[in-house]
Structure formats: C-alpha cells, structure tokens
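Trainee: Enclosed is the structure file run-v3.pdb (PDB, C-alpha atoms).
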ATOM      1  CA  MET A   1     -77.752   9.425 -26.053
ATOM      2  CA  ILE A   2     -75.652   9.918 -23.007
ATOM      3  CA  VAL A   3     -73.232   7.159 -22.021
ATOM      4  CA  CYS A   4     -71.921   7.185 -18.482
ATOM      5  CA  VAL A   5     -68.733   5.274 -17.701
ATOM      6  CA  SER A   6     -67.937   4.696 -14.055
ATOM      7  CA  LEU A   7     -64.373   3.861 -12.975
ATOM      8  CA  ILE A   8     -64.453   2.168  -9.611
ATOM      9  CA  GLY A   9     -61.480   0.824  -7.693
ATOM     10  CA  CYS A  10     -58.896   2.213 -10.069
ATOM     11  CA  SER A  11     -56.091   4.379  -8.846
ATOM     12  CA  VAL A  12     -53.416   6.086 -10.840
ATOM     13  CA  ASN A  13     -50.198   7.336  -9.219
ATOM     14  CA  PRO A  14     -48.263   9.512 -11.627
ATOM     15  CA  ASN A  15     -45.257   9.375  -9.261
ATOM     16  CA  ASN A  16     -44.694   5.588  -9.518
ATOM     17  CA  ASP A  17     -42.642   5.746 -12.688
ATOM     18  CA  SER A  18     -40.520   8.613 -11.423
ATOM     19  CA  LYS A  19     -39.922   6.843  -8.099
ATOM     20  CA  ALA A  20     -38.847   3.642  -9.843
ATOM     21  CA  HIS A  21     -36.572   5.619 -12.115
ATOM     22  CA  GLY A  22     -35.129   7.394  -9.084
ATOM     23  CA  LYS A  23     -34.352   4.091  -7.352
ATOM     24  CA  ASP A  24     -32.644   2.728 -10.466
ATOM     25  CA  HIS A  25     -30.581   5.892 -10.730
ATOM     26  CA  GLU A  26     -29.616   5.614  -7.053
ATOM     27  CA  LYS A  27     -28.538   1.982  -7.497
ATOM     28  CA  GLN A  28     -26.414   2.912 -10.498
ATOM     29  CA  ALA A  29     -24.820   5.780  -8.584
ATOM     30  CA  ASN A  30     -24.033   3.534  -5.610
ATOM     31  CA  SER A  31     -22.563   0.916  -7.932
ATOM     32  CA  LYS A  32     -20.334   3.527  -9.571
ATOM     33  CA  GLU A  33     -19.180   4.826  -6.185
ATOM     34  CA  LYS A  34     -18.286   1.300  -5.062
ATOM     35  CA  GLY A  35     -16.363   0.803  -8.279
ATOM     36  CA  LYS A  36     -14.481   4.063  -7.775
ATOM     37  CA  ASP A  37     -13.673   3.144  -4.174
ATOM     38  CA  LYS A  38     -12.403  -0.278  -5.220
ATOM     39  CA  GLY A  39     -10.242   1.261  -7.928
ATOM     40  CA  ALA A  40      -8.905   3.921  -5.565
ATOM     41  CA  LYS A  41      -7.756   1.242  -3.113
ATOM     42  CA  GLN A  42      -6.180  -0.966  -5.748
ATOM     43  CA  ASP A  43      -3.363  -3.191  -4.498
ATOM     44  CA  GLY A  44       0.034  -1.644  -5.130
ATOM     45  CA  LYS A  45      -1.301   1.853  -5.809
ATOM     46  CA  VAL A  46       0.744   4.683  -4.294
ATOM     47  CA  ILE A  47      -1.168   7.050  -2.018
ATOM     48  CA  SER A  48       1.738   9.416  -1.382
ATOM     49  CA  MET A  49       5.501   9.663  -1.918
ATOM     50  CA  LYS A  50       6.864  12.162   0.613
ATOM     51  CA  PRO A  51      10.532  13.290   0.680
ATOM     52  CA  ILE A  52      12.060  12.908   4.148
ATOM     53  CA  GLU A  53      15.343  13.598   5.908
ATOM     54  CA  VAL A  54      17.082  10.527   7.326
ATOM     55  CA  PRO A  55      19.990  10.814   9.792
ATOM     56  CA  ASP A  56      23.214   9.122   8.662
ATOM     57  CA  SER A  57      21.850   8.398   5.192
ATOM     58  CA  ASN A  58      24.047   8.259   2.109
ATOM     59  CA  SER A  59      24.588  11.778   0.735
ATOM     60  CA  ASP A  60      24.054  10.480  -2.812
ATOM     61  CA  THR A  61      20.540   9.215  -2.107
ATOM     62  CA  LYS A  62      17.110  10.754  -1.686
ATOM     63  CA  ASN A  63      14.763   9.295   0.899
ATOM     64  CA  TYR A  64      10.992   8.950   0.869
ATOM     65  CA  GLN A  65       8.088   7.802   2.984
ATOM     66  CA  MET A  66       5.704   5.933   0.699
ATOM     67  CA  MET A  67       2.098   5.136   1.597
ATOM     68  CA  TYR A  68       0.342   2.576  -0.584
ATOM     69  CA  TRP A  69      -2.680   0.268  -0.661
ATOM     70  CA  SER A  70      -2.467  -3.404   0.249
ATOM     71  CA  GLN A  71      -5.695  -5.398   0.480
ATOM     72  CA  GLY A  72      -7.648  -2.232   1.261
ATOM     73  CA  ILE A  73      -5.264  -1.069   4.017
ATOM     74  CA  LYS A  74      -2.899   1.918   3.973
ATOM     75  CA  VAL A  75       0.618   0.587   4.444
ATOM     76  CA  GLU A  76       3.850   2.503   5.000
ATOM     77  CA  ALA A  77       7.237   1.864   3.403
ATOM     78  CA  TYR A  78      10.548   3.727   3.354
ATOM     79  CA  VAL A  79      12.488   4.194   0.139
ATOM     80  CA  ALA A  80      16.088   5.234  -0.534
ATOM     81  CA  ALA A  81      16.870   6.098  -4.160
ATOM     82  CA  PRO A  82      19.928   7.418  -6.031
ATOM     83  CA  SER A  83      19.980  11.138  -6.754
ATOM     84  CA  GLU A  84      21.166  10.485 -10.313
ATOM     85  CA  SER A  85      18.793   9.436 -13.082
ATOM     86  CA  GLY A  86      19.040   6.017 -14.694
ATOM     87  CA  ALA A  87      17.724   2.486 -14.167
ATOM     88  CA  TYR A  88      18.695   0.698 -10.963
ATOM     89  CA  PRO A  89      18.113  -2.676  -9.298
ATOM     90  CA  LEU A  90      15.533  -2.839  -6.528
ATOM     91  CA  SER A  91      16.615  -4.124  -3.125
ATOM     92  CA  VAL A  92      13.853  -5.094  -0.685
ATOM     93  CA  PHE A  93      14.645  -5.406   3.006
ATOM     94  CA  CYS A  94      12.132  -7.509   4.973
ATOM     95  CA  HIS A  95      12.333  -6.569   8.646
ATOM     96  CA  GLY A  96      11.596  -8.959  11.501
ATOM     97  CA  GLY A  97       8.616  -8.798  13.825
ATOM     98  CA  TYR A  98       5.739 -10.762  15.297
ATOM     99  CA  SER A  99       5.170 -14.175  13.726
ATOM    100  CA  THR A 100       1.469 -14.525  14.586
ATOM    101  CA  PRO A 101      -1.525 -12.189  14.150
ATOM    102  CA  ASP A 102      -2.513  -9.969  17.077
ATOM    103  CA  ASP A 103      -5.497  -7.663  16.562
ATOM    104  CA  GLN A 104      -4.633  -5.825  19.787
ATOM    105  CA  LYS A 105      -1.362  -4.500  18.373
ATOM    106  CA  ALA A 106      -1.398  -1.524  15.991
ATOM    107  CA  HIS A 107       1.101   1.199  15.031
ATOM    108  CA  VAL A 108       3.955  -0.786  16.586
ATOM    109  CA  THR A 109       7.110   1.367  16.530
ATOM    110  CA  THR A 110       9.551  -0.720  18.591
ATOM    111  CA  ILE A 111      10.144  -4.297  19.651
ATOM    112  CA  GLY A 112      12.535  -5.702  22.239
ATOM    113  CA  GLU A 113      14.440  -3.732  24.856
ATOM    114  CA  GLY A 114      17.921  -2.581  25.807
ATOM    115  CA  ASN A 115      20.557  -3.533  23.248
ATOM    116  CA  ASP A 116      17.952  -5.602  21.410
ATOM    117  CA  LEU A 117      15.582  -2.668  20.881
ATOM    118  CA  PHE A 118      14.471  -2.475  17.243
ATOM    119  CA  HIS A 119      12.827   0.599  15.708
ATOM    120  CA  TYR A 120      10.237   0.503  12.929
ATOM    121  CA  ASP A 121      10.893   3.905  11.412
ATOM    122  CA  LYS A 122      12.899   5.806   8.792
ATOM    123  CA  THR A 123      16.227   4.777  10.334
ATOM    124  CA  LEU A 124      15.748   1.432   8.581
ATOM    125  CA  ILE A 125      17.009   3.015   5.343
ATOM    126  CA  GLU A 126      20.182   4.512   6.784
ATOM    127  CA  ASN A 127      23.485   3.867   4.989
ATOM    128  CA  TYR A 128      22.186   2.017   1.942
ATOM    129  CA  PRO A 129      24.440   2.303  -1.153
ATOM    130  CA  SER A 130      23.534   4.738  -3.918
ATOM    131  CA  GLY A 131      23.836   2.146  -6.690
ATOM    132  CA  GLN A 132      20.416   0.684  -5.968
ATOM    133  CA  ILE A 133      16.883   1.613  -4.974
ATOM    134  CA  THR A 134      16.030   0.246  -1.539
ATOM    135  CA  ILE A 135      12.573  -0.225  -0.070
ATOM    136  CA  VAL A 136      11.623  -1.360   3.435
ATOM    137  CA  PRO A 137       7.905  -2.200   3.771
ATOM    138  CA  MET A 138       6.643  -1.627   7.321
ATOM    139  CA  TYR A 139       3.688  -4.050   6.928
ATOM    140  CA  ARG A 140       0.235  -3.438   8.359
ATOM    141  CA  GLY A 141       0.223  -2.840  12.097
ATOM    142  CA  TYR A 142       3.740  -1.350  12.116
ATOM    143  CA  GLY A 143       4.780   2.306  12.113
ATOM    144  CA  HIS A 144       2.235   4.570  10.420
ATOM    145  CA  SER A 145       0.528   1.695   8.608
ATOM    146  CA  GLY A 146      -3.130   0.970   9.170
ATOM    147  CA  GLY A 147      -4.490  -2.338  10.395
ATOM    148  CA  THR A 148      -3.094  -4.585  13.103
ATOM    149  CA  ILE A 149      -0.300  -7.151  13.334
ATOM    150  CA  SER A 150      -1.434  -9.789  10.852
ATOM    151  CA  GLY A 151       1.253 -12.463  10.588
ATOM    152  CA  LEU A 152       3.423 -13.857   7.833
ATOM    153  CA  ALA A 153       0.932 -14.291   4.977
ATOM    154  CA  LYS A 154      -0.425 -10.726   5.155
ATOM    155  CA  ASN A 155       3.092  -9.309   5.553
ATOM    156  CA  ALA A 156       4.119 -11.170   2.419
ATOM    157  CA  ALA A 157       1.183  -9.579   0.565
ATOM    158  CA  ASP A 158       2.248  -6.146   1.835
ATOM    159  CA  THR A 159       5.772  -6.807   0.551
ATOM    160  CA  GLN A 160       4.535  -7.809  -2.885
ATOM    161  CA  ASN A 161       2.296  -4.740  -3.117
ATOM    162  CA  ALA A 162       5.161  -2.489  -1.980
ATOM    163  CA  ILE A 163       7.299  -3.828  -4.826
ATOM    164  CA  LYS A 164       4.480  -3.198  -7.284
ATOM    165  CA  ALA A 165       3.846   0.293  -5.908
ATOM    166  CA  VAL A 166       7.416   1.593  -5.977
ATOM    167  CA  THR A 167       8.190   0.005  -9.359
ATOM    168  CA  THR A 168       5.119   1.466 -11.047
ATOM    169  CA  TYR A 169       5.578   4.882  -9.453
ATOM    170  CA  PHE A 170       9.279   5.291 -10.190
ATOM    171  CA  ASN A 171       8.952   4.018 -13.753
ATOM    172  CA  THR A 172       6.119   6.429 -14.576
ATOM    173  CA  HIS A 173       7.406   9.642 -12.958
ATOM    174  CA  LYS A 174      10.136  11.597 -14.729
ATOM    175  CA  ASN A 175      11.667  13.078 -11.577
ATOM    176  CA  PHE A 176      12.499   9.641 -10.173
ATOM    177  CA  PRO A 177      15.111   7.094 -11.251
ATOM    178  CA  GLY A 178      13.819   3.993 -12.993
ATOM    179  CA  ILE A 179      13.719   0.468 -11.616
ATOM    180  CA  ASN A 180      15.188  -2.348 -13.670
ATOM    181  CA  LYS A 181      12.483  -5.006 -13.409
ATOM    182  CA  GLY A 182      14.971  -7.753 -14.187
ATOM    183  CA  HIS A 183      16.990  -7.082 -11.040
ATOM    184  CA  LEU A 184      15.139  -7.620  -7.768
ATOM    185  CA  TYR A 185      16.984  -8.558  -4.595
ATOM    186  CA  LEU A 186      15.423  -9.511  -1.271
ATOM    187  CA  SER A 187      17.010  -9.776   2.150
ATOM    188  CA  GLY A 188      15.827  -9.891   5.732
ATOM    189  CA  VAL A 189      16.591 -10.644   9.358
ATOM    190  CA  SER A 190      14.780 -12.928  11.787
ATOM    191  CA  LEU A 191      11.190 -13.344  10.561
ATOM    192  CA  GLY A 192      12.073 -11.065   7.665
ATOM    193  CA  SER A 193      14.482 -13.645   6.260
ATOM    194  CA  VAL A 194      11.614 -16.143   6.114
ATOM    195  CA  LYS A 195       9.488 -13.633   4.196
ATOM    196  CA  SER A 196      12.409 -13.013   1.861
ATOM    197  CA  SER A 197      12.769 -16.726   1.148
ATOM    198  CA  MET A 198       9.032 -17.041   0.500
ATOM    199  CA  LYS A 199       9.118 -14.220  -2.030
ATOM    200  CA  ASN A 200      12.043 -15.805  -3.854
ATOM    201  CA  LEU A 201      10.168 -19.110  -4.023
ATOM    202  CA  HIS A 202       7.258 -17.284  -5.655
ATOM    203  CA  GLY A 203       9.563 -16.055  -8.417
ATOM    204  CA  LEU A 204       9.371 -12.309  -7.894
ATOM    205  CA  GLN A 205      12.914 -11.615  -9.104
TER     206      GLN A 205
END
What would the structure in this file look like if it were written as structure tokens?
Mentor:
Amino acid sequence: MIVCVSLIGCSVNPNNDSKAHGKDHEKQANSKEKGKDKGAKQDGKVISMKPIEVPDSNSDTKNYQMMYWSQGIKVEAYVAAPSESGAYPLSVFCHGGYSTPDDQKAHVTTIGEGNDLFHYDKTLIENYPSGQITIVPMYRGYGHSGGTISGLAKNAADTQNAIKAVTTYFNTHKNFPGINKGHLYLSGVSLGSVKSSMKNLHGLQ
C-alpha cells in the first residue's frame, strides 16, 4: 500500500529563529551600550585633570584644569592645590554671571567692560593660599564648558558635581593631596554669593 501525504499551504522558514535571536541580541547590545554611556557620563565623574601654568599663582601650589560631567554635560573647573601631601580643607569659589537661562550664549569668556570686565578663565585661581584646595567651577555655558547659560539651578548642580568630582579624584589618586570632607568652605561674589548661600542651606559642608 502506498500512502500519499500532501502538504498544502505550509511554509517553513529556517531563518525565522535566527532572525529573532539576532534581534534579541541587538536589543541586548544596545541596552548595554546605553548603560555604558550613562555610566561614563555619571554626575561628578572626572573626565580629565590637566596641569596648567597660572600667572601670579602661589609658588607653593599646583594648578589644574578639571573637566567633569554634570547632568550629561562636560563642565570646566579650575583647581589650585598645595604641592605638599596631606589632607586639606576644600574652598569653593562661586563666580558671578547671568542670572537667567540664555540658550544663545555659550562658551562665555568675559562679562562687563572697562574696569568692570570679568574673565572666566584660569586667572580665577590666582593667589589662593597653599593651606587649602581651591576649586572654581565655570558652570555650563562658561569658558570651555559645554552647554549654554542655564541659570541658577543648573549652576548650583554644576557646583555640587564639581565638589564631588574633585573630592573623589583627589582622595583616590596618590599623587594628589587629600581633601578633608569635614571642612568645606564656600564663597562667591554677585550671583555667586547667592549660589554659595544656597549650597550652605543644603548642608554640603
């Protein structure tokens, strides 16, 4: 006896399983890449700590340009640190600037004119004493920082992340002096004094 079996309307695609597996693998890879990117741009993470020469700086200090992440934006800060090892207090200087956001202003290097001209550059860490570590965050939109002028709240976030960045970096690298976490001092001029007061109210000492 011969039995004939007819298969009509059936289709088999041996590639379906491999395609589905490929898509799952691609999704997992994309998810991992996003996770890596998020971790790489973590708030308060140092991107670079570059030694710089600063005119009229204290001969007992070393000066640095620090780039760090703040809310996904590269932000610049200048740091003056004692040449000698040890643990030192951290002094944060909050500079003045624009009080309201302006997405048309980026990489601002000066404000004012004549005798009131103010520079946003490495000269901000001139003549600081050697008995402390001093940091001056530029904030987004100023100097070599990314982003645009973003107002008080974002500048306050940049200040907080600068404190986190320099403290973590100095306390985990042997060639740098340590920062005494129990001694944090903030000061500022103009709008910067308002930022300084806000940080004190949030208990960052």
Trainee: Ranking A:Ser130, A:Thr110, A:Ser150, A:Ser91 by minimum distance to His183 in chain A and counting all atoms listed in the file, which one comes first?
Mentor: A:Ser91
Trainee: List the residues sitting within 6 Å of (15.5, 5.2, 4.6) in the file's frame, using all atoms listed in the file, as a list in words.
Mentor: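 So the residues meeting the distance criterion are Asn63, Tyr78, Val79, Ala80, Lys122, Thr123, Leu124, Ile125 and Glu126 of chain A.
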Trainee: Now that the selection is made, can you save its residues with C-alpha atoms as a CSV table (one decimal), in the frame of the given file?
Mentor:
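New file result_7.csv:
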chain,number,residue,atom,x,y,z
A,63,ASN,CA,14.8,9.3,0.9
A,78,TYR,CA,10.5,3.7,3.4
A,79,VAL,CA,12.5,4.2,0.1
A,80,ALA,CA,16.1,5.2,-0.5
A,122,LYS,CA,12.9,5.8,8.8
A,123,THR,CA,16.2,4.8,10.3
A,124,LEU,CA,15.7,1.4,8.6
A,125,ILE,CA,17.0,3.0,5.3
A,126,GLU,CA,20.2,4.5,6.8
Trainee: Residues picked by the PyMOL selection byres ((chain A and resi 64-74) around 8) here, as a VMD selection string?
Mentor: chain A and resid 41 to 52 62 to 63 75 to 80 122 140 145 to 147 157 to 158 161 to 162 165
Trainee: Please write as JSON, numbers by chain the full residue list that the PyMOL selection byres ((chain A and resi 176-178) around 6) yields on this file.
Mentor: {"A": [85, 86, 87, 170, 171, 173, 174, 175, 179]}
Trainee: Please produce an output containing C-alpha atoms for each residue in the selection, written as a PDB file, in the frame of the given file.
Mentor:
ATOM      1  CA  SER A  85      18.793   9.436 -13.082  1.00  0.00           C
ATOM      2  CA  GLY A  86      19.040   6.017 -14.694  1.00  0.00           C
ATOM      3  CA  ALA A  87      17.724   2.486 -14.167  1.00  0.00           C
ATOM      4  CA  PHE A 170       9.279   5.291 -10.190  1.00  0.00           C
ATOM      5  CA  ASN A 171       8.952   4.018 -13.753  1.00  0.00           C
ATOM      6  CA  HIS A 173       7.406   9.642 -12.958  1.00  0.00           C
ATOM      7  CA  LYS A 174      10.136  11.597 -14.729  1.00  0.00           C
ATOM      8  CA  ASN A 175      11.667  13.078 -11.577  1.00  0.00           C
ATOM      9  CA  ILE A 179      13.719   0.468 -11.616  1.00  0.00           C
TER      10      ILE A 179
END
Trainee: Which neighbours of His119 in chain A fall inside 7 Å, counting all atoms listed in the file, when residues of the same chain fewer than 2 positions from it are skipped, and could you give them as a PyMOL selection string?
Mentor: chain A and resi 109-111+117+121
Trainee: Which residue out of A:Ala153, A:Val189, A:Leu184, A:Ala40 has the minimum interatomic distance to Tyr88 in chain A when all atoms listed in the file are used?
Mentor: A:Leu184
Trainee: Can you measure CA of Tyr98 in chain A to CA of His144 in chain A for me? One decimal in Å is fine.
Mentor: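 Separating CA of Tyr98 in chain A from CA of His144 in chain A is a distance of 16.5 Å.
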Trainee: Calculated over only C-alpha atoms, which of the candidates A:Lys105, A:Tyr120, A:Pro89, A:Tyr128 has the smallest distance to Val166 in chain A?
Mentor: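 With only C-alpha atoms as the atom set, the closest residue is A:Pro89.
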Trainee: How big is the axis-aligned box around the listed atoms of range 125-129 of chain A once 8 Å is added on each side, and where is its centre? Give both in Å to one decimal, as JSON.
Mentor:
{"center_x": 20.7, "center_y": 3.3, "center_z": 2.8, "size_x": 23.4, "size_y": 18.5, "size_z": 23.9}
Trainee: CA of Gln132 in chain A and CA of Ser187 in chain A are how many Å apart?
Mentor: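 So the answer is 13.7 Å.
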Trainee: What separation in Å, quoted to one decimal, exists between CA of Gln160 in chain A and CA of Pro137 in chain A?
Mentor: 9.3 Å
Trainee: Given all atoms listed in the file as the basis, pick out the residue of A:His95, A:Asn180, A:Ala156, A:Gly151 nearest to Met138 in chain A.
Mentor: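 Of all the options, A:His95 lies closest to Met138 in chain A.
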Trainee: Can you tell me, as a VMD selection string, which residues sit within 12 Å of (-1.6, -12.7, 17.7) in the file's frame, using all atoms listed in the file?
Mentor: chain A and resid 97 to 106 141 148 to 152
Trainee: Compare A:Gly182, A:Gly188, A:Gly114, A:Gly39 by their minimum atom-to-atom distance to Thr159 in chain A, counting all atoms listed in the file, and give me the closest one.
Mentor: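 The answer is A:Gly188, which sits nearest to Thr159 in chain A.
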Trainee: With only C-alpha atoms as the basis for distance, which of A:Gly112, A:Asn155, A:Tyr185, A:Pro82 is at the shortest distance from Ser57 in chain A?
Mentor: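 Of A:Gly112, A:Asn155, A:Tyr185, A:Pro82, the one nearest Ser57 in chain A, counting only C-alpha atoms, is A:Pro82.
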Trainee: Please export range 76-94 of chain A as a JSON list (two decimals), in the first residue's frame, restricted to N, CA and C atoms.
Mentor:
[["chain", "number", "residue", "atom", "x", "y", "z"],
["A", 76, "GLU", "N", 33.75, 72.66, 32.93],
["A", 76, "GLU", "CA", 35.13, 73.01, 33.27],
["A", 76, "GLU", "C", 35.20, 73.57, 34.69],
["A", 77, "ALA", "N", 36.31, 73.30, 35.36],
["A", 77, "ALA", "CA", 36.59, 73.93, 36.66],
["A", 77, "ALA", "C", 38.10, 74.11, 36.76],
["A", 78, "TYR", "N", 38.52, 75.09, 37.56],
["A", 78, "TYR", "CA", 39.95, 75.29, 37.82],
["A", 78, "TYR", "C", 40.23, 74.96, 39.27],
["A", 79, "VAL", "N", 41.37, 74.30, 39.48],
["A", 79, "VAL", "CA", 41.73, 73.82, 40.82],
["A", 79, "VAL", "C", 43.14, 74.27, 41.17],
["A", 80, "ALA", "N", 43.29, 74.78, 42.39],
["A", 80, "ALA", "CA", 44.61, 75.10, 42.94],
["A", 80, "ALA", "C", 44.81, 74.23, 44.17],
["A", 81, "ALA", "N", 45.91, 73.48, 44.21],
["A", 81, "ALA", "CA", 46.14, 72.54, 45.31],
["A", 81, "ALA", "C", 47.56, 72.68, 45.85],
["A", 82, "PRO", "N", 47.75, 72.44, 47.15],
["A", 82, "PRO", "CA", 49.09, 72.51, 47.73],
["A", 82, "PRO", "C", 50.04, 71.50, 47.09],
["A", 83, "SER", "N", 51.30, 71.86, 47.00],
["A", 83, "SER", "CA", 52.30, 70.95, 46.45],
["A", 83, "SER", "C", 52.61, 69.81, 47.42],
["A", 84, "GLU", "N", 52.47, 70.09, 48.72],
["A", 84, "GLU", "CA", 52.77, 69.09, 49.74],
["A", 84, "GLU", "C", 51.61, 68.12, 49.93],
["A", 85, "SER", "N", 51.94, 66.89, 50.29],
["A", 85, "SER", "CA", 50.91, 65.89, 50.56],
["A", 85, "SER", "C", 50.22, 66.20, 51.88],
["A", 86, "GLY", "N", 49.12, 65.53, 52.13],
["A", 86, "GLY", "CA", 48.36, 65.76, 53.36],
["A", 86, "GLY", "C", 46.88, 65.91, 53.04],
["A", 87, "ALA", "N", 46.08, 66.17, 54.07],
["A", 87, "ALA", "CA", 44.65, 66.38, 53.90],
["A", 87, "ALA", "C", 44.34, 67.85, 54.15],
["A", 88, "TYR", "N", 43.59, 68.46, 53.24],
["A", 88, "TYR", "CA", 43.34, 69.90, 53.31],
["A", 88, "TYR", "C", 41.85, 70.19, 53.20],
["A", 89, "PRO", "N", 41.43, 71.36, 53.71],
["A", 89, "PRO", "CA", 40.04, 71.78, 53.50],
["A", 89, "PRO", "C", 39.81, 72.15, 52.04],
["A", 90, "LEU", "N", 38.57, 72.07, 51.61],
["A", 90, "LEU", "CA", 38.21, 72.45, 50.25],
["A", 90, "LEU", "C", 37.48, 73.78, 50.26],
["A", 91, "SER", "N", 38.00, 74.73, 49.50],
["A", 91, "SER", "CA", 37.37, 76.04, 49.36],
["A", 91, "SER", "C", 36.78, 76.15, 47.96],
["A", 92, "VAL", "N", 35.50, 76.48, 47.88],
["A", 92, "VAL", "CA", 34.80, 76.58, 46.59],
["A", 92, "VAL", "C", 34.43, 78.03, 46.34],
["A", 93, "PHE", "N", 34.92, 78.57, 45.23],
["A", 93, "PHE", "CA", 34.58, 79.95, 44.88],
["A", 93, "PHE", "C", 33.53, 79.93, 43.78],
["A", 94, "CYS", "N", 32.37, 80.53, 44.06],
["A", 94, "CYS", "CA", 31.26, 80.58, 43.10],
["A", 94, "CYS", "C", 31.27, 81.95, 42.41]]
